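Dumped final_18.tsv below, it's TSV, C-alpha atoms:
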chain	number	residue	atom	x	y	z
K	107	MET	CA	-76.15	6.04	-64.57
K	108	THR	CA	-78.77	5.87	-67.34
K	109	GLU	CA	-77.47	4.33	-70.57
K	110	THR	CA	-77.17	7.27	-72.99
K	111	ARG	CA	-74.34	6.05	-75.18
K	112	SER	CA	-75.05	5.82	-78.87
K	113	VAL	CA	-74.69	2.53	-80.71
K	114	TRP	CA	-71.49	3.86	-82.32
K	115	GLN	CA	-70.01	4.80	-78.95
K	116	GLN	CA	-70.72	1.35	-77.56
K	117	ARG	CA	-69.08	-0.28	-80.60
K	118	ILE	CA	-65.81	1.64	-80.31
K	119	GLU	CA	-65.15	1.78	-76.57
K	120	GLY	CA	-61.86	0.25	-75.49
K	121	VAL	CA	-58.20	0.79	-76.33
K	122	TRP	CA	-57.17	0.90	-79.99
K	123	TYR	CA	-53.58	0.41	-81.14
K	124	GLY	CA	-52.29	1.49	-84.53
K	125	MET	CA	-49.21	2.34	-86.58
K	126	PRO	CA	-50.54	4.78	-89.20
K	127	SER	CA	-48.28	5.85	-92.02
K	128	VAL	CA	-47.73	9.56	-92.60
K	129	PHE	CA	-47.52	11.16	-96.05
K	130	ASP	CA	-46.86	14.71	-97.13
K	131	ALA	CA	-49.16	16.50	-99.56
K	132	GLU	CA	-47.22	15.20	-102.57
K	133	GLY	CA	-47.71	11.60	-101.50
K	134	HIS	CA	-44.19	11.00	-100.14
K	135	HIS	CA	-44.01	8.65	-97.17
K	136	VAL	CA	-42.39	10.64	-94.34
K	137	GLY	CA	-42.78	8.33	-91.36
K	138	TYR	CA	-45.02	6.48	-88.94
K	139	GLY	CA	-46.89	7.10	-85.73
K	140	ARG	CA	-47.50	4.60	-82.97
K	141	PHE	CA	-50.92	5.57	-81.60
K	142	GLU	CA	-52.85	4.43	-78.54
K	143	ARG	CA	-56.47	5.66	-78.60
K	144	THR	CA	-58.49	5.07	-75.42
K	145	VAL	CA	-62.24	5.50	-75.91
K	146	THR	CA	-64.35	5.59	-72.76
K	147	THR	CA	-66.99	7.70	-70.96
K	148	ASP	CA	-66.77	10.04	-68.01
K	149	GLY	CA	-68.86	9.86	-64.83
K	150	GLU	CA	-71.84	11.41	-66.59
K	151	GLY	CA	-71.70	9.03	-69.54
K	152	ARG	CA	-70.12	11.48	-71.99
K	153	PRO	CA	-67.62	10.03	-74.48
K	154	VAL	CA	-63.94	10.85	-73.93
K	155	PHE	CA	-61.00	10.02	-76.22
K	156	MET	CA	-57.39	10.01	-75.01
K	157	VAL	CA	-54.91	9.83	-77.88
K	158	ARG	CA	-51.22	9.19	-77.19
K	159	PRO	CA	-49.06	9.51	-80.32
K	160	GLU	CA	-45.41	8.59	-80.71
K	161	LEU	CA	-44.45	10.05	-84.09
K	162	GLN	CA	-41.38	9.10	-86.09
K	163	LEU	CA	-41.39	11.70	-88.88
K	164	GLU	CA	-39.14	13.62	-91.21
K	165	GLY	CA	-39.80	16.98	-92.82
K	166	PRO	CA	-42.07	19.95	-91.96
K	167	LEU	CA	-44.83	17.81	-90.42
K	168	ARG	CA	-42.50	16.67	-87.66
K	169	GLU	CA	-42.77	19.88	-85.62
K	170	ARG	CA	-46.37	20.61	-86.50
K	171	LEU	CA	-47.66	17.26	-85.23
K	172	ARG	CA	-45.61	17.15	-82.07
K	173	SER	CA	-47.93	16.25	-79.14
K	174	VAL	CA	-47.70	14.18	-75.98
K	175	GLU	CA	-51.44	13.62	-75.53
K	176	LEU	CA	-54.60	14.69	-77.33
K	177	VAL	CA	-58.00	14.80	-75.64
K	178	LEU	CA	-61.39	14.72	-77.36
K	179	TRP	CA	-64.69	15.36	-75.54
K	180	VAL	CA	-67.87	14.43	-77.41
K	181	LEU	CA	-71.53	15.43	-77.17
K	182	ASP	CA	-73.11	12.20	-78.40
K	183	ASP	CA	-76.66	12.94	-79.56
K	184	GLY	CA	-77.28	11.68	-83.08
K	185	SER	CA	-74.35	13.49	-84.62
K	186	ARG	CA	-71.20	13.57	-82.50
K	187	VAL	CA	-70.12	17.13	-81.65
K	188	TYR	CA	-66.49	17.63	-80.62
K	189	VAL	CA	-66.17	20.26	-77.88
K	190	GLY	CA	-62.48	20.26	-76.91
K	191	ARG	CA	-60.07	19.91	-75.24
K	192	ASP	CA	-58.07	19.64	-78.46
K	193	PHE	CA	-60.72	18.90	-81.13
K	194	TYR	CA	-63.57	21.17	-82.29
K	195	GLY	CA	-65.97	19.89	-84.95
K	196	ALA	CA	-68.36	17.00	-85.51
K	197	GLY	CA	-68.75	13.51	-86.91
K	198	MET	CA	-71.68	11.40	-88.09
K	199	PRO	CA	-71.86	7.60	-87.90
K	200	PHE	CA	-73.35	5.57	-90.74
K	201	GLY	CA	-73.50	1.98	-89.53
K	202	SER	CA	-69.92	0.68	-89.66
K	203	ALA	CA	-68.49	4.01	-90.86
K	204	LEU	CA	-68.03	7.47	-89.40
K	205	LEU	CA	-67.37	10.66	-91.38
K	206	GLY	CA	-65.98	13.58	-89.41
K	207	SER	CA	-64.24	16.92	-89.66
K	208	ASP	CA	-62.71	19.08	-86.96
K	209	TYR	CA	-60.11	21.66	-86.04
K	210	LEU	CA	-57.28	19.88	-84.22
K	211	GLN	CA	-55.91	22.81	-82.27
K	212	PRO	CA	-52.47	21.50	-81.14
K	213	TRP	CA	-51.74	20.59	-84.77
K	214	ASP	CA	-53.18	23.88	-86.14
K	215	SER	CA	-55.02	21.80	-88.74
K	216	VAL	CA	-58.50	21.22	-90.05
K	217	THR	CA	-59.03	17.50	-90.56
K	218	SER	CA	-61.22	15.21	-92.62
K	219	VAL	CA	-61.60	11.81	-90.97
K	220	VAL	CA	-63.03	8.50	-92.20
K	221	VAL	CA	-63.32	5.57	-89.78
K	222	GLN	CA	-64.60	2.17	-90.89
K	223	LEU	CA	-65.20	-0.75	-88.54
K	224	LEU	CA	-64.51	-4.08	-90.21
K	225	PRO	CA	-66.74	-7.13	-89.61
K	226	GLY	CA	-66.19	-8.41	-86.08
K	227	GLY	CA	-65.72	-4.90	-84.70
K	228	LYS	CA	-62.07	-5.39	-83.69
K	229	THR	CA	-60.36	-3.53	-86.54
K	230	GLN	CA	-60.71	0.08	-87.68
K	231	VAL	CA	-59.65	1.36	-91.09
K	232	TYR	CA	-58.67	4.95	-90.37
K	233	SER	CA	-57.63	7.96	-92.40
K	234	LEU	CA	-57.06	11.60	-91.48
K	235	LEU	CA	-56.38	14.36	-94.01
K	236	LEU	CA	-54.81	17.54	-92.63
K	237	TYR	CA	-55.62	20.94	-94.16
K	238	GLU	CA	-54.74	24.59	-93.73
K	239	GLY	CA	-57.59	26.35	-95.47
K	240	PRO	CA	-57.90	24.57	-98.86
K	241	THR	CA	-54.26	23.43	-98.79
K	242	LEU	CA	-53.58	19.77	-98.04
K	243	LEU	CA	-50.73	19.41	-95.54
K	244	GLY	CA	-50.50	15.65	-95.11
K	245	VAL	CA	-52.28	12.36	-94.57
K	246	LEU	CA	-52.28	9.76	-91.78
K	247	LEU	CA	-53.77	6.35	-92.52
K	248	GLY	CA	-53.72	2.77	-91.34
K	249	ASN	CA	-55.58	0.13	-89.37
K	250	TYR	CA	-56.17	-0.03	-85.62
K	251	THR	CA	-56.85	-3.12	-83.50
K	252	LEU	CA	-59.02	-3.23	-80.37
K	253	LEU	CA	-57.63	-4.97	-77.27
K	254	TYR	CA	-58.40	-4.58	-73.58
K	255	ASP	CA	-55.64	-5.96	-71.34
K	256	TYR	CA	-52.31	-4.80	-72.77
K	257	ALA	CA	-50.89	-3.96	-69.34
K	258	ARG	CA	-51.79	-7.33	-67.79
K	259	SER	CA	-51.33	-9.90	-70.55
K	260	ASP	CA	-48.13	-10.99	-72.26
K	261	GLU	CA	-50.27	-12.59	-74.94
K	262	THR	CA	-52.08	-9.32	-75.65
K	263	ARG	CA	-48.83	-7.37	-75.79
K	264	ALA	CA	-47.42	-9.88	-78.27
K	265	ALA	CA	-50.59	-9.64	-80.39
K	266	VAL	CA	-50.38	-5.83	-80.41
K	267	GLU	CA	-46.71	-5.80	-81.39
K	268	ALA	CA	-47.34	-8.31	-84.18
K	269	PHE	CA	-50.24	-6.21	-85.48
K	270	LEU	CA	-48.15	-3.02	-85.42
K	271	ALA	CA	-45.28	-4.75	-87.22
K	272	ALA	CA	-47.67	-5.91	-89.94
K	273	GLU	CA	-49.07	-2.39	-90.27
K	274	ARG	CA	-45.59	-0.95	-90.57
K	275	SER	CA	-44.74	-3.43	-93.33
K	276	MET	CA	-47.89	-2.34	-95.24
K	277	GLY	CA	-47.19	1.34	-94.63
K	278	GLN	CA	-45.68	2.09	-98.02
K	279	TYR	CA	-47.58	-0.55	-99.98
K	280	PRO	CA	-48.76	1.19	-103.18
K	281	PHE	CA	-52.38	1.33	-104.23
K	282	SER	CA	-51.10	1.14	-107.80
K	283	ALA	CA	-50.17	-2.52	-107.19
K	284	ALA	CA	-53.89	-3.32	-107.23
K	285	SER	CA	-54.65	-1.27	-110.33
K	286	ALA	CA	-52.12	-3.11	-112.50
K	287	ARG	CA	-53.94	-6.43	-112.82
K	288	ALA	CA	-57.18	-7.71	-114.27
K	289	GLY	CA	-59.61	-8.60	-111.54
K	290	ARG	CA	-62.99	-8.17	-109.98
K	291	TRP	CA	-63.71	-6.94	-106.44
K	292	VAL	CA	-66.88	-8.50	-105.07
K	293	GLY	CA	-68.64	-8.09	-101.74
K	294	GLN	CA	-71.59	-6.91	-99.71
K	295	ILE	CA	-71.84	-3.29	-98.59
K	296	GLU	CA	-74.11	-1.40	-96.21
K	297	ALA	CA	-76.09	1.60	-97.45
K	298	PHE	CA	-77.30	4.41	-95.20
K	299	GLY	CA	-79.31	7.55	-95.88
K	300	ALA	CA	-78.17	11.08	-95.09
K	301	ASP	CA	-80.02	10.77	-91.77
K	302	SER	CA	-77.87	7.72	-90.86
K	303	GLU	CA	-80.86	5.38	-91.13
K	304	PRO	CA	-80.15	2.07	-92.90
K	305	LEU	CA	-81.29	1.71	-96.51
K	306	GLY	CA	-80.31	-1.95	-96.72
K	307	LEU	CA	-77.59	-4.18	-98.09
K	308	CYS	CA	-76.12	-4.04	-101.58
K	309	GLU	CA	-73.98	-6.34	-103.64
K	310	MET	CA	-71.07	-4.48	-105.24
K	311	THR	CA	-68.77	-5.54	-108.04
K	312	ILE	CA	-65.87	-3.46	-109.40
K	313	ALA	CA	-64.33	-5.15	-112.43
K	314	GLN	CA	-61.15	-3.81	-114.01
K	315	ARG	CA	-59.23	-4.68	-117.14
K	316	PRO	CA	-55.85	-2.96	-117.68
K	317	CYS	CA	-55.52	-0.98	-120.88
K	318	GLY	CA	-52.11	0.37	-121.74
K	319	GLU	CA	-49.27	0.73	-119.28
K	320	ASP	CA	-51.04	2.94	-116.71
K	321	GLY	CA	-54.75	2.63	-117.41
K	322	ALA	CA	-57.73	0.38	-116.74
K	323	ASP	CA	-61.33	0.08	-117.82
K	324	LEU	CA	-63.60	-0.14	-114.78
K	325	THR	CA	-67.17	-1.37	-114.49
K	326	VAL	CA	-69.03	-0.66	-111.22
K	327	MET	CA	-72.19	-2.66	-110.51
K	328	VAL	CA	-74.39	-2.12	-107.43
K	329	GLY	CA	-77.57	-4.08	-106.77
K	330	GLY	CA	-79.95	-4.62	-103.88
K	331	ALA	CA	-81.13	-1.70	-101.76
K	332	LEU	CA	-79.59	0.63	-104.37
K	333	SER	CA	-78.95	-0.03	-108.03
K	334	TRP	CA	-76.35	1.45	-110.41
K	335	ALA	CA	-74.17	0.42	-113.32
K	336	TRP	CA	-71.28	2.69	-114.35
K	337	ARG	CA	-68.32	2.41	-116.69
K	338	THR	CA	-65.21	4.55	-116.69
K	339	THR	CA	-61.63	4.53	-117.91
K	340	CYS	CA	-59.04	5.21	-115.22
K	341	ARG	CA	-55.66	6.70	-116.15
K	342	ARG	CA	-52.81	6.89	-113.61
K	343	GLN	CA	-49.86	9.29	-113.48
K	344	GLY	CA	-47.78	8.51	-110.43
K	345	GLN	CA	-50.02	8.94	-107.40
K	346	HIS	CA	-52.68	10.80	-109.44
K	347	TYR	CA	-55.74	9.09	-110.95
K	348	PHE	CA	-58.08	10.43	-113.63
K	349	PHE	CA	-61.52	9.00	-114.47
K	350	GLU	CA	-62.48	9.81	-118.04
K	351	GLY	CA	-66.00	8.49	-118.69
K	352	PRO	CA	-68.23	7.53	-120.26
K	353	ASP	CA	-70.27	7.33	-117.02
K	354	LEU	CA	-67.92	8.62	-114.31
K	355	TYR	CA	-65.61	11.63	-114.56
K	356	GLY	CA	-63.26	12.94	-111.88
K	357	ASN	CA	-59.90	12.41	-110.26
K	358	GLY	CA	-58.14	11.15	-107.18
K	359	ALA	CA	-54.84	10.75	-105.40
K	360	ALA	CA	-53.22	7.74	-103.76
K	361	PHE	CA	-51.30	7.91	-100.49
K	362	GLY	CA	-49.65	4.55	-100.01
K	363	ARG	CA	-52.36	1.90	-100.03
K	364	ALA	CA	-55.31	4.32	-99.93
K	365	LEU	CA	-57.00	6.10	-102.83
K	366	PHE	CA	-59.11	9.22	-102.28
K	367	THR	CA	-61.41	10.14	-105.17
K	368	THR	CA	-64.13	12.50	-106.35
K	369	ARG	CA	-66.21	11.30	-109.29
K	370	TYR	CA	-69.22	12.81	-111.06
K	371	VAL	CA	-71.98	10.77	-112.71
K	372	GLN	CA	-72.55	11.81	-116.31
K	373	GLY	CA	-75.97	13.42	-116.84
K	374	GLN	CA	-76.89	13.57	-113.12
K	375	ALA	CA	-76.37	16.00	-110.24
K	376	LEU	CA	-74.65	13.15	-108.40
K	377	LYS	CA	-71.12	13.19	-106.96
K	378	ILE	CA	-69.26	10.32	-105.28
K	379	VAL	CA	-66.56	11.17	-102.72
K	380	GLY	CA	-64.72	8.02	-101.76
K	381	ARG	CA	-61.87	6.40	-99.88
K	382	GLU	CA	-60.66	2.94	-100.89
K	383	MET	CA	-57.93	1.23	-98.87
K	384	LEU	CA	-56.08	-2.03	-99.43
K	385	LEU	CA	-56.15	-4.17	-96.31
K	386	ASP	CA	-53.51	-6.72	-97.29
K	387	GLU	CA	-51.31	-7.95	-100.11
K	388	ARG	CA	-54.26	-9.99	-101.43
K	389	HIS	CA	-55.73	-6.58	-102.27
K	390	THR	CA	-58.84	-6.92	-100.12
K	391	LEU	CA	-60.51	-3.52	-100.49
K	392	ALA	CA	-62.28	-1.54	-97.76
K	393	ILE	CA	-64.45	1.17	-99.28
K	394	VAL	CA	-66.40	4.13	-97.92
K	395	TRP	CA	-68.31	6.23	-100.47
K	396	GLN	CA	-70.39	9.31	-99.76
K	397	LEU	CA	-72.99	10.19	-102.40
K	398	LEU	CA	-74.09	13.80	-102.78
K	399	ARG	CA	-76.99	14.86	-104.99
K	400	ASP	CA	-77.42	18.55	-105.83
K	401	GLY	CA	-74.57	19.14	-103.37
K	402	ARG	CA	-76.49	17.58	-100.47
K	403	PRO	CA	-75.62	14.27	-98.78
K	404	GLU	CA	-77.83	11.45	-100.04
K	405	ALA	CA	-76.22	8.17	-98.94
K	406	VAL	CA	-73.12	6.54	-97.51
K	407	LEU	CA	-71.87	3.12	-98.64
K	408	ALA	CA	-69.37	1.07	-96.64
K	409	GLY	CA	-68.08	-2.48	-96.95
K	410	VAL	CA	-65.24	-4.86	-97.75
K	411	LEU	CA	-64.63	-6.35	-101.21
K	412	ASP	CA	-62.51	-9.41	-102.05
K	413	LEU	CA	-60.45	-9.51	-105.24
K	414	GLU	CA	-61.08	-12.32	-107.70
K	415	ALA	CA	-59.03	-12.93	-110.81
K	416	LEU	CA	-60.73	-12.42	-114.17
Show me, as structure tokens, the structure contained in the file I just sent.
Amino acid sequence: MTETRSVWQQRIEGVWYGMPSVFDAEGHHVGYGRFERTVTTDGEGRPVFMVRPELQLEGPLRERLRSVELVLWVLDDGSRVYVGRDFYGAGMPFGSALLGSDYLQPWDSVTSVVVQLLPGGKTQVYSLLLYEGPTLLGVLLGNYTLLYDYARSDETRAAVEAFLAAERSMGQYPFSAASARAGRWVGQIEAFGADSEPLGLCEMTIAQRPCGEDGADLTVMVGGALSWAWRTTCRRQGQHYFFEGPDLYGNGAAFGRALFTTRYVQGQALKIVGREMLLDERHTLAIVWQLLRDGRPEAVLAGVLDLEAL
């Protein structure tokens, strides 16, 4: 068979294990799902996903998300087109990140998916937002680990169970815990153009200083392949976040340890749609930002930032 797999497909093949947390549209934690996601190719080299969920949920999502097995077939040619059995849509890889959207038929839901591979390629940071038309139904999010010999190795099984236990313990960890302290996130991020071609590496710093009981002044600095400097004041009300200038305006919502935001750059036709997720209690931050100019995709930024005290 001729090698036709994309770079992204080669990076993600194997069996991924996760324990994503499930939230309703109001941000209430309603349960967990133990997921096994097998990524492979068929005899003709076409990508195939087999997803086996075991959901432990309360509330209306319990019946809607009931499934024994979900199957995803992919046409992998630049963009990744989802052609059944249970998913219909597309996704686009940008280096270590993939942005996708589909109709998940057994769940009667349109989804918005962000996948980020962490350095080393053995951990995915995953989020899935479920919609019915414009109405948000719920959110699944968490990390997945890649392992190959679960059935044959006691050591692998123990590693998987320890990983899932750690994910469960982080399931309800609040993003607000990170926004309540003075600090500075620092790290290197990848930048990709709308065509998925690399633009280069950037150094990113997000500094925050709390102001008042539920607010913080933020300064975002990006240098390298791209260059920006923005300031904004962030105000929090429960799970809701509001960015009130002078350089960035917008809002967002937190679901457990993940924050989803839309921010507009003052004086420019530039919008930033982002997901930021805490990886651990040290508040290591995995970020994926999509930049849109004049409503059209311009760039995607993805990376991991470490928190330093100010």
>> Need the shell around K:Glu267: protein/DNA/RNA residues with any atom at most 12 Å away, counting only C-alpha atoms. Skip same-chain ones fewer than 6 positions apart. Format as a PyMOL selection string?
In response: chain K and resi 123-125+140+250-251+253+256+260-261+273-274
>> Which residue is closest to K:Arg168? Choose from K:Val136, K:Leu411, K:Leu234, K:Val113 and count only C-alpha atoms.
In response: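 Distance minimum relative to K:Arg168 lands on K:Val136.
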>> Show me, as a ChimeraX atom specification, the residues that have an atom within 6 Å of stretch 289-301 of chain K when counting all atoms listed in the file, minus same-chain residues fewer than 4 positions from it.
In response: /K:305-314,403-409,411-416
>> Taking only C-alpha atoms into account, name the residue in K:Gly358, K:Gly184, K:Gly120, K:Pro280 that is nearest to K:Leu252.
In response: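 Ranked by minimum distance to K:Leu252, first place goes to K:Gly120.
Distance check against K:Leu210 using all atoms listed in the file: of K:Ala268, K:Leu354, K:Leu171, K:Cys340, the minimum falls on K:Leu171.
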